[in-house]
Amino acid sequence: MEFTRRGAMALGAGLAAALMLPARALRAAADDKIAEFTGGAAMGEGGITLTTPEIAENGNTVPIEVSAPGAVEILVLASANPTPDVARVSFGPLAGAQRLSTRIRLGGTQDVIAIAKMGDGSFQRAANTVKVTIGGCGG
């Protein structure tokens with residue numbers, strides 16, 4: 001078999017396209033989870049605070065905190081993880097504060113998204129990009 005420049009270009013283009021497909025599929029999975037949670041309703045900005053590190057040296061333990069005064073439920077997603085669901089927390093009427101603090105696992109650099117369902121039925125969204133130097137989901 002003879003390997004030509006044209007063949008190398010075609011192989012490179014095919015490889016690039018193949019590598020982009022999983023990222024699109026993972027983003028679609030996160031979008032599906034958001035649509036399921038919100039029922040397709042519009043989301044506002046503000047009313048929710050998402051605190052994440054800008055750079056995480058190890059993706060196995062990335063600390064996050066979400067605060068949404070007046071929220072009845074909070075959904076947290078990691079957009080490029082194989083399974084984007086991170087946490088879904090409901091707050092009852094006796095909850096002292098509508099806040100979530102935990103450590104999550106990230107497979108690589110990606111957006112962490114928090115969506116809060118407020119007491120009036122509206123939805124608020126916040127997102128931060130976390131740069132991961134050592135992946136935590138097999139990367």
# chains A, B, ... in the order shown; residues from 1 in each chain; ligands from 1
call {"tool": "residues_around", "arguments": {"residues": "Thr49 in chain A", "least_positions_apart": "5", "cutoff": "9 Å", "atoms": "only C-alpha atoms", "output": "list in words"}}
result
Glu65, Val66, Ser67, Ala68, Ala114, Arg125 and Ala126 of chain A
call {"tool": "write_last_selection", "arguments": {"atoms": "N, CA and C atoms", "output": "compact mmCIF listing (two decimals), in the first residue's frame"}}
result
# COMPACT_ATOMS: atom_id res chain seq x y z
N GLU A 65 -19.35 25.04 44.85
CA GLU A 65 -20.39 25.50 45.76
C GLU A 65 -21.44 26.25 44.95
N VAL A 66 -22.70 25.95 45.23
CA VAL A 66 -23.81 26.61 44.56
C VAL A 66 -24.70 27.21 45.63
N SER A 67 -25.02 28.49 45.46
CA SER A 67 -25.91 29.17 46.38
C SER A 67 -27.02 29.83 45.57
N ALA A 68 -28.27 29.54 45.95
CA ALA A 68 -29.42 30.10 45.23
C ALA A 68 -30.54 30.39 46.22
N ALA A 114 -24.83 25.11 36.69
CA ALA A 114 -25.79 24.99 37.80
C ALA A 114 -27.08 25.69 37.38
N ARG A 125 -29.65 30.30 35.79
CA ARG A 125 -28.52 29.49 35.32
C ARG A 125 -27.21 30.22 35.60
N ALA A 126 -26.20 29.43 35.96
CA ALA A 126 -24.83 29.94 36.10
C ALA A 126 -23.89 28.86 35.58
call {"tool": "residues_around", "arguments": {"residues": "range 86-96 of chain A", "least_positions_apart": "2", "cutoff": "12 Å", "atoms": "only C-alpha atoms", "output": "ChimeraX atom specification"}}
result
/A:30,33-34,37,62,64-84,98-106,112-119
call {"tool": "atom_distance", "arguments": {"atom1": "CA of Gly39 in chain A", "atom2": "CA of Ala127 in chain A"}}
result
19.0 Å
call {"tool": "atom_distance", "arguments": {"atom1": "CA of Asn58 in chain A", "atom2": "CA of Asn128 in chain A"}}
result
16.8 Å
call {"tool": "atom_distance", "arguments": {"atom1": "CA of Met43 in chain A", "atom2": "CA of Ser122 in chain A"}}
result
7.2 Å
call {"tool": "closest_residue", "arguments": {"among": "A:Asp85, A:Asn60, A:Glu54, A:Arg5", "to": "Asp31 in chain A", "atoms": "only C-alpha atoms"}}
result
A:Asp85
call {"tool": "select_by_dssp", "arguments": {"residues": "chain A", "states": "helix (DSSP H, G or I)", "output": "NGL selection string"}}
result
:A and (5-38)
call {"tool": "select_by_dssp", "arguments": {"residues": "chain A", "states": "strand (DSSP E)", "output": "ChimeraX atom specification"}}
result
/A:43-45,49-51,55-56,62-67,71-78,85-90,99-104,110-118,123-132
